[in-house]
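Pasted below: query-v2.cif, mmCIF, C-alpha atoms and all ligand atoms.
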```
data_model
#
loop_
_atom_site.label_atom_id
_atom_site.label_comp_id
_atom_site.auth_asym_id
_atom_site.auth_seq_id
_atom_site.Cartn_x
_atom_site.Cartn_y
_atom_site.Cartn_z
CA MET A 1 -15.81 -0.15 -3.75
CA SER A 2 -17.74 0.26 -7.06
CA ASP A 3 -17.30 -2.10 -9.97
CA SER A 4 -17.05 0.84 -12.33
CA LYS A 5 -17.32 4.59 -12.18
CA ASP A 6 -21.07 4.72 -12.89
CA SER A 7 -22.24 1.58 -11.09
CA LYS A 8 -23.64 1.45 -7.58
CA PRO A 9 -21.25 0.74 -4.72
CA VAL A 10 -20.55 -2.92 -4.13
CA TRP A 11 -18.87 -4.56 -1.13
CA HIS A 12 -17.00 -7.65 -2.31
CA GLY A 13 -19.81 -8.62 -4.66
CA VAL A 14 -22.70 -7.52 -2.44
CA PRO A 15 -24.55 -4.30 -3.36
CA ARG A 16 -23.70 -1.85 -0.59
CA GLU A 17 -27.33 -0.76 -0.33
CA GLU A 18 -28.25 -4.28 0.81
CA ILE A 19 -25.95 -4.03 3.82
CA GLU A 20 -27.35 -2.21 6.80
CA TRP A 21 -24.19 -0.70 8.23
CA HIS A 22 -23.95 2.93 9.31
CA PRO A 23 -23.72 4.90 12.54
CA THR A 24 -26.69 6.07 14.56
CA VAL A 25 -26.13 9.06 16.83
CA GLU A 26 -28.03 9.43 20.08
CA HIS A 27 -28.43 13.19 20.04
CA GLU A 28 -29.42 13.37 23.70
CA LEU A 29 -26.10 11.89 24.75
CA CYS A 30 -23.99 13.77 22.18
CA ILE A 31 -22.05 16.81 23.42
CA GLY A 32 -21.29 18.19 19.95
CA CYS A 33 -17.51 17.79 20.10
CA GLY A 34 -17.24 17.00 16.37
CA LEU A 35 -14.71 14.18 16.72
CA CYS A 36 -16.86 11.83 14.66
CA VAL A 37 -17.34 14.36 11.88
CA LEU A 38 -13.67 15.27 11.67
CA GLY A 39 -12.42 11.73 12.07
CA CYS A 40 -14.46 10.04 9.35
CA ALA A 41 -12.52 10.01 6.09
CA ALA A 42 -15.51 8.58 4.22
CA GLY A 43 -17.69 11.70 4.39
CA VAL A 44 -20.50 10.00 6.27
CA TYR A 45 -21.17 12.97 8.54
CA ALA A 46 -21.91 16.67 8.29
CA PHE A 47 -22.25 18.97 11.28
CA ASP A 48 -25.43 20.91 12.04
CA PHE A 49 -24.04 24.12 13.51
CA ASP A 50 -27.49 25.31 14.61
CA LYS A 51 -28.19 22.23 16.68
CA ARG A 52 -24.51 21.51 17.43
CA ARG A 53 -24.95 17.91 16.45
CA PRO A 54 -23.54 15.56 13.77
CA VAL A 55 -25.83 14.41 11.00
CA VAL A 56 -25.39 11.16 9.06
CA ILE A 57 -25.70 12.40 5.49
CA ALA A 58 -24.13 9.53 3.51
CA PRO A 59 -24.77 6.27 5.38
CA LEU A 60 -23.76 4.07 2.45
CA ASN A 61 -20.29 5.65 2.49
CA CYS A 62 -19.66 4.06 5.87
CA LYS A 63 -17.00 1.35 5.54
CA VAL A 64 -18.60 -1.99 6.27
CA GLY A 65 -17.38 -3.15 9.68
CA CYS A 66 -15.74 0.16 10.63
CA VAL A 67 -16.63 1.48 14.09
CA THR A 68 -13.92 4.10 14.51
CA CYS A 69 -16.27 6.99 15.22
CA SER A 70 -18.05 4.94 17.86
CA ASN A 71 -14.76 4.02 19.52
CA THR A 72 -13.60 7.63 19.72
CA CYS A 73 -16.88 9.21 20.83
CA PRO A 74 -16.21 10.36 24.40
CA VAL A 75 -19.78 9.83 25.56
CA HIS A 76 -20.65 6.60 23.69
CA ALA A 77 -23.36 8.30 21.67
CA ILE A 78 -22.75 6.34 18.46
CA SER A 79 -24.01 2.84 17.83
CA PHE A 80 -23.93 0.29 15.01
CA PRO A 81 -25.89 -2.84 14.15
CA PRO A 82 -24.44 -6.04 15.59
CA LEU A 83 -21.35 -7.37 13.78
CA SER A 84 -23.07 -10.74 13.49
CA ARG A 85 -25.16 -9.21 10.71
CA ILE A 86 -22.06 -8.70 8.59
CA HIS A 87 -20.76 -12.15 9.41
CA LYS A 88 -24.03 -13.62 8.18
CA ILE A 89 -23.72 -11.72 4.90
CA ILE A 90 -20.13 -12.92 4.48
CA LYS A 91 -21.30 -16.49 4.78
CA LYS A 92 -24.55 -16.26 2.86
CA ARG A 93 -23.21 -14.24 -0.07
CA ASN A 94 -19.95 -16.10 -0.44
CA VAL A 95 -17.95 -12.95 0.20
CA LEU A 96 -14.70 -14.84 0.83
CA THR A 97 -14.61 -16.32 -2.66
CA THR A 98 -14.94 -12.82 -4.05
CA SER A 99 -12.39 -11.32 -1.68
CA LYS A 100 -9.81 -13.97 -2.58
CA LYS A 101 -10.24 -13.21 -6.28
CA GLU A 102 -10.00 -9.48 -5.57
CA LEU A 103 -6.84 -10.06 -3.60
CA GLU A 104 -5.20 -11.80 -6.57
CA ASN A 105 -6.38 -9.08 -8.92
CA ASN A 106 -4.84 -6.44 -6.68
CA ALA A 107 -1.57 -8.24 -6.05
CA ASP A 108 0.48 -5.44 -7.61
CA ARG A 109 -0.99 -2.96 -5.17
CA VAL A 110 -1.09 -4.98 -1.97
CA SER A 111 1.90 -7.34 -2.19
CA PHE A 112 4.24 -7.22 0.77
CA ARG A 113 7.76 -6.40 -0.38
CA LYS A 114 10.81 -6.53 1.82
S1 LIG B 201 -18.00 12.15 18.78
FE1 LIG B 201 -19.82 11.68 20.01
S2 LIG B 201 -20.11 13.46 21.30
FE2 LIG B 201 -18.71 14.08 19.69
S3 LIG B 201 -20.07 14.97 18.13
FE3 LIG B 201 -19.78 12.82 17.61
S4 LIG B 201 -21.52 11.78 18.56
FE4 LIG B 201 -21.36 13.78 19.51
S1 LIG B 202 -17.58 3.79 11.16
FE1 LIG B 202 -15.79 4.54 10.09
S2 LIG B 202 -16.48 4.92 8.00
FE2 LIG B 202 -18.31 4.65 9.26
S3 LIG B 202 -18.91 6.71 9.81
FE3 LIG B 202 -17.61 5.96 11.47
S4 LIG B 202 -15.49 6.57 10.97
FE4 LIG B 202 -16.78 6.81 9.12
#
```

Written form, structure tokens:
Amino acid sequence: MSDSKDSKPVWHGVPREEIEWHPTVEHELCIGCGLCVLGCAAGVYAFDFDKRRPVVIAPLNCKVGCVTCSNTCPVHAISFPPLSRIHKIIKKRNVLTTSKKELENNADRVSFRK
């Protein structure tokens, strides 16, 4: 996601910090099952064992557009901003031009081969 090792994370040309996309946990609904913590490969969550609740410790690690933890939460305690916000950014910041270039640059890695 970063342009280089030391630079800030960027999502297809848009600084990740400018994109409001991360989970919010409603602690009153949460039953502390840990599915969200264990299921997120991006390290967004830690688990507070005293309170038996997940804590969002790295919101910018959340993959833009991903809602997996929300989908698997058994009590619907996790919410995200509306997807329309991302769609606006895609349009306004010309994300598709960037993504098409990135696709070409990554052809070796992502090409479908029979
Ligand atoms: S998956 Fe839902 S209920 Fe389980 S810990 Fe996460 S927020 Fe709480
Ligand atoms: S939406 Fe995806 S990347 Fe973001 S916290 Fe949930 S599982 Fe992790």

How would you report the residues lying within 6 Å of ligand LIG 201 (chain B), as a ChimeraX atom specification, if you count only C-alpha atoms and all ligand atoms? /A:25,30-36,53-54,73-75,77-78

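Minimum atom-to-atom distance to ligand LIG 202 (chain B), evaluated using all atoms listed in the file, belongs to A:Gly65 out of A:Ser7, A:Asp48, A:Gly65, A:Glu18.
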
Write out as a ChimeraX atom specification each polymer residue (protein, DNA or RNA) that has an atom no more than 6 Å from ligand LIG 202 (chain B), with only C-alpha atoms and all ligand atoms counted. /A:22-23,40,42,44,62-63,66-69

Tell me, as a PyMOL selection string, which residues lie within 8 Å of Gly43 (chain A), counting only C-alpha atoms; anything in the same chain fewer than 6 positions away does not count. chain A and resi 37+58+61

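For the choices A:His76, A:Val56, A:Trp11, A:Pro81, the atom-to-atom distance to Leu29 (chain A) is smallest for A:His76 when using all atoms listed in the file.
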
I'd like the interatomic distance between CA of Phe80 (chain A) and CA of Glu20 (chain A), to a tenth of an Å. 9.2 Å

Would you mind reading off the distance between CA of Pro15 (chain A) and CA of Gly39 (chain A), one decimal, in Å? 25.3 Å

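Our summary of the geometry notes that CA of Arg109 (chain A) is positioned 26.4 Å from CA of Ile89 (chain A).
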
With a distance cut-off of 10 Å and only C-alpha atoms, select the neighbouring residues of Glu17 (chain A), excluding the residue or stretch itself and same-chain residues fewer than 5 positions from it, and output the selection as a PyMOL selection string. chain A and resi 8-11+59-61

Min atom-atom distance to Arg85 (chain A) from the set A:Val64, A:Lys114, A:Lys51, A:Glu102, counting all atoms listed in the file, belongs to A:Val64

Long-range neighbours of region 95-101 of chain A as a ChimeraX atom specification, 9 Å cut-off, only C-alpha atoms, 5 positions minimum in chain: /A:11-14,89-90,106

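Distance annotation: of A:Ile86, A:Ala41, A:Thr72, A:Val55, the residue with the minimal separation from Arg16 (chain A) is A:Ile86; atom set is only C-alpha atoms.
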